[in-house]
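Everything below concerns the one structure shown next.
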Amino acid sequence: MSVEQTVKMPAAPRFARLRTFLDGDLVYGFLRTPSAVISAIVLLVIALTAIAAPLLSPQDPYDLTQLYLDKAELPPIWTAEGQAPYLLGTDVQGRDIFSAILYGSRISLMIGFASVIVSVMIGIVVGLTSGYVGGRIDNLLMRIGDLVLSIPTLLVAILVSAIFRELLPVSMRDAFTPVILTTSIAITSWVQYARIVRASTMVEARKEYVLAARILRLPPLRIMLTHILPNVMTAVLVTATLNLGLAILAEATLSFLGVGMPVTQPSLGTLIRIGNQYFFSGSWWVVLFPALQLSLIILAVNLLGDWLRDALNPKLR
Amino acid sequence: MSDILLSVRDLKVHFPIRGGLLGRPAGWVKAVDGVDLDIRRGESVALVGESGCGKSTLGAAVLGMITPSAGSITFEGKPIVHGLAATRRSLSRDVQIVFQDPVSALNPKLTIGESIAEPLHIQHVGSAAERKERVAELLKMVGLHPQHADRKPNAFSGGQRQRIVIARALALNPKLLILDEPVSALDVSIRSQILNLLLELQQRLGLSYLFISHDLSVVRHFADKVAVMYLGHLVETGPTTTVFANPVHPYTEALLSAVPLPDPVLQRQRRRIVLKGDLPSPANPPKGCKFVTRCPLAESICHETQPPLMSVGAERLAACHIRAPAT
């Protein structure tokens, strides 16, 4: 090979990475998988409308002065008794269901994302340490993980949120509920990430590039972060996407059971709980629409996660 | 002698076998059991032997990655104290390694420039710009295009990756390179290219090589001296040409007879020495000469005492009661 040979360099090095990403297999495969594209669009729309909820919704469901009891239990707008601007009807307190869904999705998505991020971080720290250091530390950390897994997730979450709620003064409870929910979901779901990271770490740590780094006397922390972590992130990413649905569902379940978001700041789960009480009195819209929204989010997340798992799995290519 | 770069004396590396009562080892695997080896400046010494004979363990001990159970390793006259931070640091400058499998030897997520610059980075050599220049220089040195520094390993073939691994090993100007089967994982057509590159670099940079291999045809092409290892012991050492022309130890003889000859006529006429049985477990080696279970010449003395290395010609040593009897 000749060294003098000129090679055309990318015109804008700043965007070189972006361009190779856009030209890559991942984007190509994505655009050719209808279920993934549709899921992504659905999620994007839901996320954007949730973020822009204050601008889009006719009513602030948190502001009790905007709730009118004479507008309570109105059916959706297309039915005979429907009234503008209550697109999807109102609940027993005169809360606009459409607005409540937008605000509720915001809380549900936020708690879902936050708990996944927190549990991924715990999982990475525990998994890397466990897999790279090994020995007794590995044993200890993994047994703690086994312990967490041996108790049903929901029980742990209920227990944790109950303890937190008791520790906090009544006035602060509602404000801290999202944090409590995030923490309790994260505490129960980090084990899965820790196990994945540990297993991949043990595989990577035996490879010769890690040995080369050790021969160069790189500090263990640097080896873990710059060499091993980037190579185990793919597996984590896929699991995190698939678990996002589970995390949102966990939040909804906790709220449905009454240990989650309060009635004054309803999440989708809270809305479903409220609606459930009036379902048999004929107000079907109060439970149906939040439930549909929740199912749509979970379905879209799962389809996207499934696609990502297949796309990043080298064995299926 | 000042031109001796690396000197290994009576090196022993024993690994405990776990599973004994109350955490006491159930036994010891004597991976390296009393090896003497000298490497001069600019010299290539090949360490040959079959899998599990302790070749790579010896390499790891020289790199300071394994603490020997006994014996000494001196580098440039200074003893390598295993575990001492300062020595380990200077050792990682002076001794580097090229691995067998270039695919797993490079981090797939780093660009090759980042991989090559890592040794410079960790030793705080130069500024960012100087390091970049050095990377370009190293890439040129191994016959790659400096502009490819920002590509990831998956853009390169096996032979090119091995060149990158060599560039990384050379980054800190080491004096000794341990080549752990550097061409075994490569395509036959690429092997000679990499070997010639290594020979050329040796001439240019005055490097010493410890060439760990089981491929004797490569060793003949490459090494000045050869040391044959069997179950943790050296059985024969000497200049490559004379050892290959006239092997003394029956094990060396058997190894050499397994090397195919380029001429099919000669190949057919040749007498193949096929050793009986397998390599004994290093956890439970035979008493006396370690080779006794498979040796065609074994006599009663071989079962009793271990033969010492005896001089059998110019710079040649062999350990055999029959062929190199102690006088």
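Residues are named by chain letter and number: chains run A, B, ... in the order of the structure tokens, numbers start at 1 in each chain, and ligands are numbered from 1 in the order shown.
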
Report task. With a distance cut-off of 10 Å and only C-alpha atoms, select the neighbouring residues of A:Ile215, excluding the residue or stretch itself and same-chain residues fewer than 6 positions from it, and output the selection as a ChimeraX atom specification. Result -> /A:209 /B:60,63-65,88-89,91-93,95-97,119

Output the selection as an mmCIF file, in the first residue's frame - N, CA and C atoms for each residue.
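The resulting file, out.cif, is reproduced below:
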```cif
data_model
loop_
_atom_site.group_PDB
_atom_site.id
_atom_site.type_symbol
_atom_site.label_atom_id
_atom_site.label_comp_id
_atom_site.auth_asym_id
_atom_site.auth_seq_id
_atom_site.Cartn_x
_atom_site.Cartn_y
_atom_site.Cartn_z
ATOM 1 N N TYR A 209 -7.317 -6.973 24.848
ATOM 2 C CA TYR A 209 -7.148 -5.522 24.921
ATOM 3 C C TYR A 209 -7.198 -5.036 26.360
ATOM 4 N N ALA B 60 4.461 -13.847 30.905
ATOM 5 C CA ALA B 60 3.699 -13.015 31.843
ATOM 6 C C ALA B 60 4.553 -12.621 33.042
ATOM 7 N N LEU B 63 6.788 -9.826 32.058
ATOM 8 C CA LEU B 63 6.018 -8.586 31.975
ATOM 9 C C LEU B 63 5.635 -8.047 33.342
ATOM 10 N N GLY B 64 5.847 -8.866 34.376
ATOM 11 C CA GLY B 64 5.484 -8.433 35.717
ATOM 12 C C GLY B 64 4.013 -8.625 36.020
ATOM 13 N N MET B 65 3.320 -9.433 35.209
ATOM 14 C CA MET B 65 1.896 -9.649 35.446
ATOM 15 C C MET B 65 1.658 -10.800 36.417
ATOM 16 N N ARG B 88 7.374 -1.463 38.344
ATOM 17 C CA ARG B 88 6.331 -1.873 37.420
ATOM 18 C C ARG B 88 6.106 -0.814 36.357
ATOM 19 N N ARG B 89 6.185 0.444 36.776
ATOM 20 C CA ARG B 89 5.963 1.536 35.852
ATOM 21 C C ARG B 89 7.051 1.590 34.785
ATOM 22 N N LEU B 91 8.954 -0.834 33.990
ATOM 23 C CA LEU B 91 8.898 -2.082 33.248
ATOM 24 C C LEU B 91 7.901 -1.978 32.102
ATOM 25 N N SER B 92 6.779 -1.275 32.343
ATOM 26 C CA SER B 92 5.788 -1.197 31.283
ATOM 27 C C SER B 92 6.272 -0.314 30.134
ATOM 28 N N ARG B 93 7.291 0.512 30.390
ATOM 29 C CA ARG B 93 7.901 1.242 29.285
ATOM 30 C C ARG B 93 8.847 0.338 28.499
ATOM 31 N N VAL B 95 9.233 -3.157 28.550
ATOM 32 C CA VAL B 95 8.812 -4.462 28.060
ATOM 33 C C VAL B 95 7.363 -4.363 27.614
ATOM 34 N N GLN B 96 7.100 -4.720 26.389
ATOM 35 C CA GLN B 96 5.732 -4.706 25.892
ATOM 36 C C GLN B 96 5.430 -6.024 25.191
ATOM 37 N N ILE B 97 4.160 -6.211 24.876
ATOM 38 C CA ILE B 97 3.752 -7.505 24.343
ATOM 39 C C ILE B 97 2.917 -7.348 23.080
ATOM 40 N N PRO B 119 -0.837 4.196 25.577
ATOM 41 C CA PRO B 119 0.389 4.100 26.392
ATOM 42 C C PRO B 119 1.046 5.457 26.619
#
```

Query raised in the report: How would you write, as an MDAnalysis selection string, the set of residues in stretch 239-310 of chain A that DSSP gives as alpha helix (DSSP H)?
Result: chainID A and resid 239:256 268:278 284:310

Using only C-alpha atoms, tabulate the residues of chain A lying at most 8 Å from any atom of chain B, each with its closest atom pair and that distance in Å to one decimal, by chain and increasing residue number, as a tab-separated table.
```
residue	atom	partner	partner_atom	distance
A:Met1	CA	B:Gly143	CA	7.8
A:Val3	CA	B:His145	CA	5.7
A:Val7	CA	B:Gln147	CA	7.7
A:Lys207	CA	B:Ser104	CA	5.6
A:Glu208	CA	B:Ala105	CA	4.5
A:Tyr209	CA	B:Ala105	CA	4.1
A:Val210	CA	B:Ala105	CA	7.7
A:Ala212	CA	B:Ala105	CA	7.2
A:Ile215	CA	B:Ser92	CA	6.4
A:Leu216	CA	B:Ser92	CA	5.6
A:Arg217	CA	B:Arg89	CA	7.0
A:Leu218	CA	B:Ile122	CA	6.7
A:His227	CA	B:Asn107	CA	6.7
A:Pro230	CA	B:Lys109	CA	6.6
A:Asn231	CA	B:Lys109	CA	6.7
```

Query - One-decimal distance in Å that lies between atom CA of B:Val45 and atom CA of B:Leu195 - result: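 So the two atoms, atom CA of B:Leu195 and atom CA of B:Val45, lie 14.0 Å apart.
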
**Report entry** d(atom CA of A:Ser295, atom CA of A:Leu254) in Å
**Finding:**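 Interatomic distance here is 16.0 Å.
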
Taking the backbone alone, and naming residues the way the document does, which bits of stretch 156-304 of chain B are strand (DSSP E or B) by DSSP, as a PDB file with N, CA and C atoms, in the first residue's frame?
```pdb
ATOM      1  N   LEU B 176      12.368  -4.489  24.944  1.00  0.00           N
ATOM      2  CA  LEU B 176      12.078  -5.904  24.742  1.00  0.00           C
ATOM      3  C   LEU B 176      10.607  -6.065  24.381  1.00  0.00           C
ATOM      4  N   LEU B 177      10.359  -6.804  23.323  1.00  0.00           N
ATOM      5  CA  LEU B 177       8.983  -7.132  22.974  1.00  0.00           C
ATOM      6  C   LEU B 177       8.766  -8.614  23.199  1.00  0.00           C
ATOM      7  N   ILE B 178       7.687  -8.937  23.881  1.00  0.00           N
ATOM      8  CA  ILE B 178       7.311 -10.333  24.013  1.00  0.00           C
ATOM      9  C   ILE B 178       6.291 -10.619  22.933  1.00  0.00           C
ATOM     10  N   LEU B 179       6.621 -11.497  22.031  1.00  0.00           N
ATOM     11  CA  LEU B 179       5.727 -11.824  20.927  1.00  0.00           C
ATOM     12  C   LEU B 179       5.080 -13.161  21.254  1.00  0.00           C
ATOM     13  N   ASP B 180       3.841 -13.090  21.709  1.00  0.00           N
ATOM     14  CA  ASP B 180       3.156 -14.314  22.132  1.00  0.00           C
ATOM     15  C   ASP B 180       2.372 -14.872  20.954  1.00  0.00           C
ATOM     16  N   SER B 208      14.897  -6.259  21.209  1.00  0.00           N
ATOM     17  CA  SER B 208      15.080  -7.678  21.520  1.00  0.00           C
ATOM     18  C   SER B 208      13.705  -8.322  21.526  1.00  0.00           C
ATOM     19  N   TYR B 209      13.647  -9.559  21.080  1.00  0.00           N
ATOM     20  CA  TYR B 209      12.364 -10.253  21.057  1.00  0.00           C
ATOM     21  C   TYR B 209      12.425 -11.527  21.884  1.00  0.00           C
ATOM     22  N   LEU B 210      11.358 -11.750  22.641  1.00  0.00           N
ATOM     23  CA  LEU B 210      11.134 -13.074  23.201  1.00  0.00           C
ATOM     24  C   LEU B 210       9.951 -13.625  22.425  1.00  0.00           C
ATOM     25  N   PHE B 211      10.248 -14.572  21.555  1.00  0.00           N
ATOM     26  CA  PHE B 211       9.262 -15.034  20.588  1.00  0.00           C
ATOM     27  C   PHE B 211       8.683 -16.347  21.082  1.00  0.00           C
ATOM     28  N   ILE B 212       7.442 -16.293  21.552  1.00  0.00           N
ATOM     29  CA  ILE B 212       6.799 -17.486  22.085  1.00  0.00           C
ATOM     30  C   ILE B 212       6.014 -18.135  20.965  1.00  0.00           C
ATOM     31  N   SER B 213       6.318 -19.406  20.676  1.00  0.00           N
ATOM     32  CA  SER B 213       5.673 -20.013  19.519  1.00  0.00           C
ATOM     33  C   SER B 213       5.669 -21.523  19.630  1.00  0.00           C
ATOM     34  N   LYS B 225      18.236 -17.457  18.656  1.00  0.00           N
ATOM     35  CA  LYS B 225      18.420 -18.545  19.603  1.00  0.00           C
ATOM     36  C   LYS B 225      17.085 -19.208  19.853  1.00  0.00           C
ATOM     37  N   VAL B 226      17.139 -20.465  20.226  1.00  0.00           N
ATOM     38  CA  VAL B 226      15.893 -21.146  20.508  1.00  0.00           C
ATOM     39  C   VAL B 226      16.011 -21.852  21.861  1.00  0.00           C
ATOM     40  N   ALA B 227      14.921 -21.816  22.630  1.00  0.00           N
ATOM     41  CA  ALA B 227      14.871 -22.524  23.901  1.00  0.00           C
ATOM     42  C   ALA B 227      13.646 -23.425  23.860  1.00  0.00           C
ATOM     43  N   VAL B 228      13.857 -24.717  24.052  1.00  0.00           N
ATOM     44  CA  VAL B 228      12.753 -25.664  23.983  1.00  0.00           C
ATOM     45  C   VAL B 228      12.285 -25.971  25.395  1.00  0.00           C
ATOM     46  N   MET B 229      11.005 -25.842  25.603  1.00  0.00           N
ATOM     47  CA  MET B 229      10.455 -26.007  26.936  1.00  0.00           C
ATOM     48  C   MET B 229       9.548 -27.224  26.979  1.00  0.00           C
ATOM     49  N   TYR B 230       9.637 -27.966  28.088  1.00  0.00           N
ATOM     50  CA  TYR B 230       8.746 -29.100  28.272  1.00  0.00           C
ATOM     51  C   TYR B 230       8.333 -29.158  29.730  1.00  0.00           C
ATOM     52  N   HIS B 233      10.155 -26.940  32.223  1.00  0.00           N
ATOM     53  CA  HIS B 233      11.624 -26.984  32.227  1.00  0.00           C
ATOM     54  C   HIS B 233      12.157 -26.721  30.834  1.00  0.00           C
ATOM     55  N   LEU B 234      13.377 -26.115  30.778  1.00  0.00           N
ATOM     56  CA  LEU B 234      14.041 -26.030  29.483  1.00  0.00           C
ATOM     57  C   LEU B 234      14.730 -27.369  29.242  1.00  0.00           C
ATOM     58  N   VAL B 235      14.540 -27.926  28.044  1.00  0.00           N
ATOM     59  CA  VAL B 235      15.218 -29.187  27.759  1.00  0.00           C
ATOM     60  C   VAL B 235      16.382 -28.992  26.800  1.00  0.00           C
ATOM     61  N   GLU B 236      16.324 -27.920  26.002  1.00  0.00           N
ATOM     62  CA  GLU B 236      17.444 -27.679  25.102  1.00  0.00           C
ATOM     63  C   GLU B 236      17.462 -26.209  24.709  1.00  0.00           C
ATOM     64  N   THR B 237      18.676 -25.621  24.709  1.00  0.00           N
ATOM     65  CA  THR B 237      18.806 -24.254  24.217  1.00  0.00           C
ATOM     66  C   THR B 237      20.019 -24.176  23.317  1.00  0.00           C
ATOM     67  N   GLY B 238      20.012 -23.189  22.432  1.00  0.00           N
ATOM     68  CA  GLY B 238      21.170 -22.996  21.577  1.00  0.00           C
ATOM     69  C   GLY B 238      20.823 -22.134  20.392  1.00  0.00           C
ATOM     70  N   PRO B 239      21.833 -21.816  19.551  1.00  0.00           N
ATOM     71  CA  PRO B 239      21.567 -21.039  18.336  1.00  0.00           C
ATOM     72  C   PRO B 239      20.610 -21.812  17.420  1.00  0.00           C
TER      73      PRO B 239
END
```

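The interatomic distance for the pair atom CA of B:Glu43 and atom CA of B:Arg163 works out to 20.7 Å.
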
Report summary line: Nearest to A:Leu26, restricted to only C-alpha atoms and choosing among A:Asp138, A:Asp310, A:Glu81, A:Asp91, comes out as A:Asp310
